[in-house]
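Source file: query_18.pdb (PDB, C-alpha atoms and all ligand atoms)
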MODEL        1
ATOM      1  CA  MET A1071     234.282  79.931  36.117
ATOM      2  CA  SER A1072     232.276  79.406  39.322
ATOM      3  CA  ALA A1073     233.880  79.481  42.761
ATOM      4  CA  ALA A1074     233.371  75.713  43.000
ATOM      5  CA  ALA A1075     235.076  75.152  39.633
ATOM      6  CA  ARG A1076     238.025  77.350  40.588
ATOM      7  CA  LEU A1077     238.398  75.492  43.869
ATOM      8  CA  ALA A1078     238.278  72.115  42.109
ATOM      9  CA  ASP A1079     240.897  73.330  39.632
ATOM     10  CA  ILE A1080     243.299  74.491  42.366
ATOM     11  CA  ARG A1081     242.790  71.294  44.376
ATOM     12  CA  GLY A1082     243.517  69.230  41.258
ATOM     13  CA  ARG A1083     246.729  71.170  40.600
ATOM     14  CA  MET A1084     247.760  70.761  44.247
ATOM     15  CA  GLU A1085     247.227  67.005  44.038
ATOM     16  CA  ALA A1086     249.211  66.792  40.801
ATOM     17  CA  ALA A1087     252.129  68.752  42.320
ATOM     18  CA  ALA A1088     252.089  66.542  45.425
ATOM     19  CA  ALA A1089     252.013  63.366  43.310
ATOM     20  CA  GLU A1090     254.947  64.600  41.208
ATOM     21  CA  ALA A1091     256.946  65.214  44.360
ATOM     22  CA  GLY A1092     255.959  61.884  45.877
ATOM     23  CA  ARG A1093     254.140  63.655  48.690
ATOM     24  CA  ASP A1094     250.774  62.902  50.254
ATOM     25  CA  ALA A1095     248.317  65.529  48.946
ATOM     26  CA  ALA A1096     246.724  65.700  52.402
ATOM     27  CA  ALA A1097     250.014  67.021  53.803
ATOM     28  CA  CYS A1098     249.482  70.402  52.128
ATOM     29  CA  ARG A1099     246.597  72.635  53.087
ATOM     30  CA  LEU A1100     244.993  75.300  50.952
ATOM     31  CA  VAL A1101     244.593  78.676  52.659
ATOM     32  CA  ALA A1102     242.084  80.665  50.581
ATOM     33  CA  VAL A1103     243.217  84.296  50.752
ATOM     34  CA  SER A1104     240.003  86.313  50.888
ATOM     35  CA  LYS A1105     241.412  89.799  51.550
ATOM     36  CA  THR A1106     239.439  92.557  49.761
ATOM     37  CA  HIS A1107     236.734  90.051  48.744
ATOM     38  CA  PRO A1108     233.244  90.375  50.242
ATOM     39  CA  ALA A1109     231.595  87.884  52.585
ATOM     40  CA  GLU A1110     229.319  86.670  49.754
ATOM     41  CA  ALA A1111     232.339  85.518  47.732
ATOM     42  CA  ILE A1112     233.733  83.744  50.796
ATOM     43  CA  ALA A1113     230.342  82.097  51.425
ATOM     44  CA  LYS A1114     230.422  80.619  47.898
ATOM     45  CA  LEU A1115     233.761  78.954  48.577
ATOM     46  CA  ILE A1116     232.497  77.680  51.932
ATOM     47  CA  GLU A1117     229.531  76.118  50.129
ATOM     48  CA  ALA A1118     232.009  74.464  47.776
ATOM     49  CA  GLY A1119     233.747  72.894  50.777
ATOM     50  CA  GLN A1120     236.616  75.265  51.595
ATOM     51  CA  ARG A1121     237.154  75.829  55.343
ATOM     52  CA  VAL A1122     240.575  77.511  55.730
ATOM     53  CA  PHE A1123     240.848  81.228  54.932
ATOM     54  CA  GLY A1124     243.565  83.882  55.135
ATOM     55  CA  GLU A1125     243.171  87.611  55.688
ATOM     56  CA  ASN A1126     245.895  90.231  55.891
ATOM     57  CA  ARG A1127     244.144  92.838  58.045
ATOM     58  CA  VAL A1128     242.647  92.325  61.485
ATOM     59  CA  GLN A1129     239.926  94.915  61.053
ATOM     60  CA  GLU A1130     238.772  93.633  57.672
ATOM     61  CA  ALA A1131     238.581  90.069  59.008
ATOM     62  CA  GLU A1132     236.605  91.270  62.042
ATOM     63  CA  GLY A1133     234.072  92.737  59.651
ATOM     64  CA  LYS A1134     233.532  89.516  57.700
ATOM     65  CA  PHE A1135     234.256  86.373  59.713
ATOM     66  CA  PRO A1136     232.210  86.512  62.926
ATOM     67  CA  ALA A1137     228.964  86.308  60.921
ATOM     68  CA  LEU A1138     230.318  83.545  58.650
ATOM     69  CA  ARG A1139     231.434  81.580  61.709
ATOM     70  CA  GLU A1140     227.960  81.712  63.193
ATOM     71  CA  ARG A1141     226.830  79.611  60.252
ATOM     72  CA  HIS A1142     230.007  77.518  59.945
ATOM     73  CA  ALA A1143     231.682  76.825  63.283
ATOM     74  CA  ASP A1144     234.485  74.818  61.634
ATOM     75  CA  LEU A1145     236.120  77.683  59.722
ATOM     76  CA  GLU A1146     239.847  78.173  60.321
ATOM     77  CA  LEU A1147     241.164  81.703  59.946
ATOM     78  CA  HIS A1148     244.826  82.632  59.325
ATOM     79  CA  LEU A1149     246.351  86.087  59.663
ATOM     80  CA  ILE A1150     248.872  86.407  56.819
ATOM     81  CA  GLY A1151     249.613  90.158  56.894
ATOM     82  CA  PRO A1152     251.765  92.323  59.181
ATOM     83  CA  LEU A1153     250.456  92.616  62.746
ATOM     84  CA  GLN A1154     250.759  95.802  64.824
ATOM     85  CA  THR A1155     251.222  95.186  68.542
ATOM     86  CA  ASN A1156     248.176  97.354  69.290
ATOM     87  CA  LYS A1157     246.058  94.860  67.316
ATOM     88  CA  ALA A1158     247.478  91.774  69.049
ATOM     89  CA  ARG A1159     244.503  91.367  71.403
ATOM     90  CA  GLU A1160     241.974  91.377  68.565
ATOM     91  CA  ALA A1161     244.182  89.060  66.492
ATOM     92  CA  VAL A1162     244.454  86.488  69.303
ATOM     93  CA  ALA A1163     240.685  86.593  69.804
ATOM     94  CA  LEU A1164     239.798  86.144  66.121
ATOM     95  CA  PHE A1165     242.462  84.097  64.330
ATOM     96  CA  ASP A1166     243.314  80.402  64.672
ATOM     97  CA  VAL A1167     246.759  80.801  63.110
ATOM     98  CA  LEU A1168     249.103  83.814  63.081
ATOM     99  CA  GLN A1169     251.522  83.543  60.140
ATOM    100  CA  SER A1170     253.388  86.847  60.534
ATOM    101  CA  VAL A1171     255.224  86.725  63.868
ATOM    102  CA  ASP A1172     258.450  88.580  63.083
ATOM    103  CA  ARG A1173     259.827  90.613  65.988
ATOM    104  CA  PRO A1174     260.512  90.320  69.726
ATOM    105  CA  LYS A1175     258.098  93.051  70.796
ATOM    106  CA  LEU A1176     255.264  91.353  68.894
ATOM    107  CA  ALA A1177     256.168  87.932  70.325
ATOM    108  CA  GLU A1178     256.117  89.363  73.857
ATOM    109  CA  THR A1179     252.771  91.092  73.310
ATOM    110  CA  LEU A1180     251.200  87.985  71.756
ATOM    111  CA  ALA A1181     252.377  85.868  74.689
ATOM    112  CA  LYS A1182     250.704  88.229  77.158
ATOM    113  CA  GLU A1183     247.489  88.395  75.147
ATOM    114  CA  MET A1184     247.368  84.598  74.777
ATOM    115  CA  ASP A1185     247.752  84.163  78.559
ATOM    116  CA  ARG A1186     245.073  86.757  79.154
ATOM    117  CA  ALA A1187     242.633  85.248  76.644
ATOM    118  CA  GLY A1188     243.418  81.604  77.422
ATOM    119  CA  ARG A1189     243.541  81.055  73.663
ATOM    120  CA  ARG A1190     246.710  80.043  71.825
ATOM    121  CA  PRO A1191     246.632  80.447  68.025
ATOM    122  CA  ALA A1192     249.403  78.504  66.267
ATOM    123  CA  CYS A1193     252.240  80.783  65.132
ATOM    124  CA  PHE A1194     254.466  80.898  62.078
ATOM    125  CA  VAL A1195     257.608  83.000  62.082
ATOM    126  CA  GLN A1196     257.735  85.100  58.925
ATOM    127  CA  VAL A1197     261.162  85.098  57.257
ATOM    128  CA  ASN A1198     262.438  87.775  54.884
ATOM    129  CA  THR A1199     264.334  85.243  52.756
ATOM    130  CA  GLY A1200     265.212  87.850  50.119
ATOM    131  CA  GLU A1201     266.484  90.309  52.765
ATOM    132  CA  GLU A1202     264.380  93.049  51.159
ATOM    133  CA  PRO A1203     264.528  96.273  53.204
ATOM    134  CA  GLN A1204     260.836  97.150  52.713
ATOM    135  CA  LYS A1205     259.559  93.670  53.557
ATOM    136  CA  ALA A1206     258.442  92.279  56.922
ATOM    137  CA  GLY A1207     260.035  89.167  58.361
ATOM    138  CA  VAL A1208     263.023  88.027  60.359
ATOM    139  CA  LEU A1209     266.344  88.053  58.500
ATOM    140  CA  PRO A1210     267.856  84.607  57.838
ATOM    141  CA  ALA A1211     270.767  85.307  60.205
ATOM    142  CA  ASP A1212     268.329  85.923  63.089
ATOM    143  CA  ILE A1213     265.916  83.000  62.622
ATOM    144  CA  ASP A1214     267.427  80.465  65.013
ATOM    145  CA  ARG A1215     267.726  82.968  67.855
ATOM    146  CA  PHE A1216     264.252  84.411  67.281
ATOM    147  CA  VAL A1217     262.540  81.015  67.059
ATOM    148  CA  ALA A1218     264.296  79.932  70.270
ATOM    149  CA  GLU A1219     263.193  83.129  72.022
ATOM    150  CA  CYS A1220     259.578  82.666  70.864
ATOM    151  CA  ARG A1221     259.542  79.118  72.194
ATOM    152  CA  ASP A1222     261.658  79.297  75.332
ATOM    153  CA  VAL A1223     261.078  82.830  76.601
ATOM    154  CA  TRP A1224     257.559  83.569  75.366
ATOM    155  CA  ARG A1225     256.243  79.990  75.135
ATOM    156  CA  LEU A1226     254.493  80.728  71.862
ATOM    157  CA  PRO A1227     253.136  77.700  69.967
ATOM    158  CA  VAL A1228     255.501  78.095  66.990
ATOM    159  CA  VAL A1229     254.699  75.492  64.334
ATOM    160  CA  GLY A1230     256.531  76.677  61.228
ATOM    161  CA  LEU A1231     258.016  79.354  58.980
ATOM    162  CA  MET A1232     256.398  81.559  56.351
ATOM    163  CA  CYS A1233     257.909  83.547  53.460
ATOM    164  CA  ILE A1234     256.978  85.779  50.537
ATOM    165  CA  PRO A1235     259.810  85.608  47.958
ATOM    166  CA  PRO A1236     260.937  88.719  46.052
ATOM    167  CA  VAL A1237     258.821  89.005  42.879
ATOM    168  CA  GLU A1238     261.817  89.076  40.552
ATOM    169  CA  ASP A1239     263.530  85.956  41.943
ATOM    170  CA  ASP A1240     263.082  82.274  41.189
ATOM    171  CA  PRO A1241     260.717  81.314  44.035
ATOM    172  CA  ALA A1242     262.119  77.776  44.259
ATOM    173  CA  LEU A1243     265.376  79.133  45.700
ATOM    174  CA  HIS A1244     263.486  80.872  48.510
ATOM    175  CA  PHE A1245     261.226  77.885  49.165
ATOM    176  CA  ALA A1246     264.256  75.613  49.453
ATOM    177  CA  LEU A1247     265.923  78.067  51.837
ATOM    178  CA  LEU A1248     262.817  78.261  54.018
ATOM    179  CA  ALA A1249     262.642  74.453  54.149
ATOM    180  CA  LYS A1250     266.286  74.314  55.217
ATOM    181  CA  PHE A1251     265.775  76.904  57.971
ATOM    182  CA  ALA A1252     262.667  75.105  59.267
ATOM    183  CA  ALA A1253     264.455  71.748  59.390
ATOM    184  CA  ARG A1254     267.319  73.352  61.323
ATOM    185  CA  SER A1255     264.865  74.752  63.881
ATOM    186  CA  GLY A1256     262.892  71.509  64.105
ATOM    187  CA  LEU A1257     259.744  73.143  62.697
ATOM    188  CA  ALA A1258     257.378  70.950  60.686
ATOM    189  CA  ARG A1259     255.263  73.440  58.782
ATOM    190  CA  LEU A1260     256.085  75.656  55.805
ATOM    191  CA  SER A1261     253.716  78.379  54.572
ATOM    192  CA  MET A1262     254.873  79.269  51.078
ATOM    193  CA  GLY A1263     253.471  79.594  47.575
ATOM    194  CA  MET A1264     250.747  81.866  46.199
ATOM    195  CA  SER A1265     248.611  81.830  43.027
ATOM    196  CA  ALA A1266     251.584  82.021  40.650
ATOM    197  CA  ASP A1267     253.831  79.458  42.302
ATOM    198  CA  PHE A1268     251.931  77.202  44.718
ATOM    199  CA  ASP A1269     252.745  74.107  42.665
ATOM    200  CA  ILE A1270     256.478  74.870  42.919
ATOM    201  CA  ALA A1271     256.058  75.428  46.666
ATOM    202  CA  ILE A1272     254.372  72.037  47.074
ATOM    203  CA  ARG A1273     257.269  70.367  45.288
ATOM    204  CA  CYS A1274     259.585  72.157  47.765
ATOM    205  CA  GLY A1275     257.653  70.877  50.796
ATOM    206  CA  ALA A1276     254.949  73.482  51.513
ATOM    207  CA  THR A1277     252.420  72.435  54.150
ATOM    208  CA  GLU A1278     250.234  75.496  53.562
ATOM    209  CA  VAL A1279     249.842  77.399  50.299
ATOM    210  CA  ARG A1280     248.158  80.815  50.344
ATOM    211  CA  VAL A1281     246.080  81.299  47.219
ATOM    212  CA  GLY A1282     243.997  84.425  46.542
ATOM    213  CA  THR A1283     243.687  85.560  42.922
ATOM    214  CA  ALA A1284     243.457  82.067  41.424
ATOM    215  CA  LEU A1285     240.457  81.312  43.680
ATOM    216  CA  PHE A1286     238.627  84.634  43.889
ATOM    217  CA  GLY A1287     239.718  86.458  40.728
ATOM    218  CA  ALA A1288     241.613  89.758  40.674
ATOM    219  CA  ARG A1289     241.403  92.065  43.675
ATOM    220  CA  GLY A1290     239.677  95.380  43.040
TER     221      GLY A1290
HETATM  222  C1  LIG B   1     247.616  88.495  49.104
HETATM  223  C2  LIG B   1     248.520  87.476  49.670
HETATM  224  C3  LIG B   1     248.564  86.171  49.144
HETATM  225  C4  LIG B   1     247.736  85.710  47.955
HETATM  226  O1  LIG B   1     248.305  86.188  46.774
HETATM  227  P1  LIG B   1     247.695  85.759  45.334
HETATM  228  O2  LIG B   1     248.799  86.069  44.387
HETATM  229  O3  LIG B   1     246.489  86.588  45.124
HETATM  230  O4  LIG B   1     247.402  84.320  45.390
HETATM  231  C5  LIG B   1     249.398  85.244  49.757
HETATM  232  N1  LIG B   1     250.158  85.582  50.818
HETATM  233  C6  LIG B   1     250.154  86.822  51.352
HETATM  234  C7  LIG B   1     251.023  87.121  52.516
HETATM  235  C8  LIG B   1     249.352  87.805  50.792
HETATM  236  O5  LIG B   1     249.359  89.040  51.321
ENDMDL
END
Could you quickly redo this structure as structure tokens?
Amino acid sequence: MSAAARLADIRGRMEAAAAEAGRDAAACRLVAVSKTHPAEAIAKLIEAGQRVFGENRVQEAEGKFPALRERHADLELHLIGPLQTNKAREAVALFDVLQSVDRPKLAETLAKEMDRAGRRPACFVQVNTGEEPQKAGVLPADIDRFVAECRDVWRLPVVGLMCIPPVEDDPALHFALLAKFAARSGLARLSMGMSADFDIAIRCGATEVRVGTALFGARG
């Protein structure tokens, strides 16, 4: 299948899931996760009309996106992977959305770098809904306090919550939890759902789904 055909397929499935849930299809955005895939593969999706992309490493994105942006000024780039504080400056300069804000030290560093750069990428707080020890993200018990600190102390533009459910669990439980936490914090956006479960996420209220494999094929 061509990149354009894969994109059309995913968009069709997103629309069907939104219709089933009685939601407006335009309320959920597709973030095409291009990590590990070369610029040529990304260019094919851009030609097919895709504009929003997600990368999980700052350095890899720096190697691919500046050149693509020269040709397409309207690209929107999301950081979806863990961010080290020593990469915060580069991340603020390059990304339009930071989906993995998950600890006070990072929030503080991002605030300083945003002030310095005069550029304020929208932030999602990543939540470890499954409370997995090896996984990044704020624990459910700490969300309200952390979101309040990000907003009130660091003045970060926090727009929503993001999660990656444990592989062995029913994702719908985690998506519902994330939606509940976001509503409690007054946050409108929910980044949840990947290739295997984006339709479930849309039924649970996702406003951004992050789809890699189903758009680009398997990662090498
Ligand atoms: C890689 C990745 C995805 C995309 O996963 P696929 O299963 O390939 O769709 C989504 N979110 C995050 C945080 C990722 O790291």
Restrict the calculation to all atoms listed in the file, then for each residue of chain A with any atom at most 6 Å from an atom of ligand LIG 1 (chain B) give the closest atom pair and their distance in Å to one decimal, rows by chain and rising residue number, as a tab-separated table.
residue	atom	partner	partner_atom	distance
A:Val1103	CA	B:LIG1	C4	5.5
A:Asn1126	CA	B:LIG1	O5	5.9
A:Ile1150	CA	B:LIG1	C7	4.9
A:Gly1151	CA	B:LIG1	C7	5.5
A:Met1264	CA	B:LIG1	O4	4.2
A:Ser1265	CA	B:LIG1	O4	3.6
A:Arg1280	CA	B:LIG1	C5	4.6
A:Val1281	CA	B:LIG1	O4	3.8
A:Gly1282	CA	B:LIG1	O3	3.6
A:Thr1283	CA	B:LIG1	O3	3.7
task: Could you check which of A:Ala1075, A:Ala1192, A:Arg1083, A:Leu1164 is closest to Ala1266 (chain A), using all atoms listed in the file?
output: A:Arg1083
- prompt: Which residues match the PyMOL selection byres (((chain A and resi 1110-1120) around 6) and not hetatm) in the file above, as an NGL selection string?
  reply: :A and (1073-1074 or 1108-1109 or 1121)
message: Quick check, in Å to one decimal: how far apart do CA of His1142 (chain A) and CA of Met1232 (chain A) lie?
response: 26.9 Å
task: Would you kindly identify which residues have an atom no farther than 12 Å from (246.4, 77.5, 61.5), using all atoms listed in the file and the file's own coordinates, and write them out as a ChimeraX atom specification?
output: /A:1099-1101,1121-1124,1145-1150,1164-1170,1190-1194,1227-1230,1232,1259-1261,1277-1280
Expand the PyMOL selection byres (((chain A and resi 1132) around 12) and not hetatm) into the explicit residue set it covers here, and present it as a PDB file with C-alpha atoms, keeping the file's coordinate frame.
ATOM      1  CA  LYS A1105     241.412  89.799  51.550  1.00  0.00           C
ATOM      2  CA  ALA A1109     231.595  87.884  52.585  1.00  0.00           C
ATOM      3  CA  GLU A1125     243.171  87.611  55.688  1.00  0.00           C
ATOM      4  CA  ASN A1126     245.895  90.231  55.891  1.00  0.00           C
ATOM      5  CA  ARG A1127     244.144  92.838  58.045  1.00  0.00           C
ATOM      6  CA  VAL A1128     242.647  92.325  61.485  1.00  0.00           C
ATOM      7  CA  GLN A1129     239.926  94.915  61.053  1.00  0.00           C
ATOM      8  CA  GLU A1130     238.772  93.633  57.672  1.00  0.00           C
ATOM      9  CA  ALA A1131     238.581  90.069  59.008  1.00  0.00           C
ATOM     10  CA  GLY A1133     234.072  92.737  59.651  1.00  0.00           C
ATOM     11  CA  LYS A1134     233.532  89.516  57.700  1.00  0.00           C
ATOM     12  CA  PHE A1135     234.256  86.373  59.713  1.00  0.00           C
ATOM     13  CA  PRO A1136     232.210  86.512  62.926  1.00  0.00           C
ATOM     14  CA  ALA A1137     228.964  86.308  60.921  1.00  0.00           C
ATOM     15  CA  LEU A1138     230.318  83.545  58.650  1.00  0.00           C
ATOM     16  CA  ARG A1139     231.434  81.580  61.709  1.00  0.00           C
ATOM     17  CA  LEU A1147     241.164  81.703  59.946  1.00  0.00           C
ATOM     18  CA  LEU A1149     246.351  86.087  59.663  1.00  0.00           C
ATOM     19  CA  LYS A1157     246.058  94.860  67.316  1.00  0.00           C
ATOM     20  CA  GLU A1160     241.974  91.377  68.565  1.00  0.00           C
ATOM     21  CA  ALA A1161     244.182  89.060  66.492  1.00  0.00           C
ATOM     22  CA  VAL A1162     244.454  86.488  69.303  1.00  0.00           C
ATOM     23  CA  ALA A1163     240.685  86.593  69.804  1.00  0.00           C
ATOM     24  CA  LEU A1164     239.798  86.144  66.121  1.00  0.00           C
ATOM     25  CA  PHE A1165     242.462  84.097  64.330  1.00  0.00           C
TER      26      PHE A1165
END
- prompt: Which is closest to Leu1226 (chain A) among A:Arg1289, A:Arg1093, A:Arg1159, A:Arg1189, if we use all atoms listed in the file?
  reply: A:Arg1189
- request: Check what the PyMOL selection byres (((chain A and resi 1237) around 12) and not hetatm) selects in the file above and give those residues as a list in words.
  value: Thr1199, Gly1200, Glu1202, Lys1205, Cys1233, Ile1234, Pro1235, Pro1236, Glu1238, Asp1239, Asp1240, Pro1241, Ala1242, His1244, Gly1263, Met1264, Ala1266 and Asp1267 of chain A
Padding 3 Å on every side, please: axis-aligned box over the listed atoms of region 1140-1150 of chain A, centre and edge lengths to one decimal in Å, as AutoDock Vina command-line options.
--center_x 237.9 --center_y 80.6 --center_z 60.1 --size_x 28.0 --size_y 17.6 --size_z 12.5
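For the pair CA of Ile1270 (chain A) and CA of Arg1076 (chain A), the interatomic distance is 18.8 Å.
The spacing separating CA of Leu1153 (chain A) from CA of Leu1247 (chain A) amounts to 23.9 Å.
Minimum distance to Ala1088 (chain A) across A:Pro1210, A:Pro1152, A:Gly1287, A:Gly1275 (counting all atoms listed in the file) occurs at A:Gly1275.
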query: Which residue out of A:Lys1175, A:Ser1255, A:Glu1085, A:Met1184 has the minimum interatomic distance to Arg1215 (chain A) when all atoms listed in the file are used?
result: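 Among the listed residues, the smallest separation from Arg1215 (chain A) belongs to A:Ser1255.
With all atoms listed in the file as the atoms that count, the minimum distance from Ala1095 (chain A) to the choices A:Ala1143, A:Ile1272, A:Leu1243, A:Val1197 is reached by A:Ile1272.
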- request: Choose the residue, out of A:Val1217, A:Ala1252, A:Ala1187, A:Ala1078, that has the smallest atom-to-atom separation from Leu1231 (chain A); count all atoms listed in the file.
  value: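 Closest candidate: A:Ala1252.
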Sorted by chain and rising residue number, which residues of region 1136-1173 of chain A lie within 12 Å of region 1219-1223 of chain A, and what are their closest atom pairs and distances in Å to one decimal, counting only C-alpha atoms, as a tab-separated table?
residue	atom	partner	partner_atom	distance
A:Val1171	CA	A:Cys1220	CA	9.2
A:Asp1172	CA	A:Cys1220	CA	9.8
A:Arg1173	CA	A:Cys1220	CA	9.3
Complete region 1094-1110 of chain A at the level of N, CA and C atoms, written as a short mmCIF file (atom, residue, chain, number, x, y, z; two decimals), keeping the file's coordinate frame.
data_model
loop_
_atom_site.label_atom_id
_atom_site.label_comp_id
_atom_site.auth_asym_id
_atom_site.auth_seq_id
_atom_site.Cartn_x
_atom_site.Cartn_y
_atom_site.Cartn_z
N ASP A 1094 252.19 63.13 50.01
CA ASP A 1094 250.77 62.90 50.25
C ASP A 1094 250.05 64.24 50.08
N ALA A 1095 249.03 64.28 49.21
CA ALA A 1095 248.32 65.53 48.95
C ALA A 1095 247.70 66.10 50.22
N ALA A 1096 247.35 65.24 51.16
CA ALA A 1096 246.72 65.70 52.40
C ALA A 1096 247.71 66.45 53.29
N ALA A 1097 249.00 66.36 52.98
CA ALA A 1097 250.01 67.02 53.80
C ALA A 1097 250.13 68.51 53.49
N CYS A 1098 249.44 68.97 52.44
CA CYS A 1098 249.48 70.40 52.13
C CYS A 1098 248.08 70.98 52.12
N ARG A 1099 247.90 72.02 52.94
CA ARG A 1099 246.60 72.64 53.09
C ARG A 1099 246.48 73.90 52.26
N LEU A 1100 245.28 74.11 51.75
CA LEU A 1100 244.99 75.30 50.95
C LEU A 1100 244.40 76.39 51.85
N VAL A 1101 245.12 77.51 51.95
CA VAL A 1101 244.59 78.68 52.66
C VAL A 1101 244.03 79.62 51.60
N ALA A 1102 242.73 79.80 51.58
CA ALA A 1102 242.08 80.67 50.58
C ALA A 1102 242.19 82.11 51.06
N VAL A 1103 242.95 82.91 50.33
CA VAL A 1103 243.22 84.30 50.75
C VAL A 1103 242.08 85.20 50.27
N SER A 1104 241.25 85.61 51.22
CA SER A 1104 240.00 86.31 50.89
C SER A 1104 240.08 87.82 51.10
N LYS A 1105 241.27 88.35 51.34
CA LYS A 1105 241.41 89.80 51.55
C LYS A 1105 240.82 90.57 50.37
N THR A 1106 240.14 91.65 50.70
CA THR A 1106 239.44 92.56 49.76
C THR A 1106 238.16 91.95 49.16
N HIS A 1107 237.94 90.65 49.33
CA HIS A 1107 236.73 90.05 48.74
C HIS A 1107 235.59 90.03 49.76
N PRO A 1108 234.38 90.27 49.32
CA PRO A 1108 233.24 90.38 50.24
C PRO A 1108 232.82 89.02 50.81
N ALA A 1109 232.06 89.09 51.90
CA ALA A 1109 231.60 87.88 52.58
C ALA A 1109 230.83 86.96 51.65
N GLU A 1110 230.10 87.52 50.66
CA GLU A 1110 229.32 86.67 49.75
C GLU A 1110 230.24 85.76 48.93
#
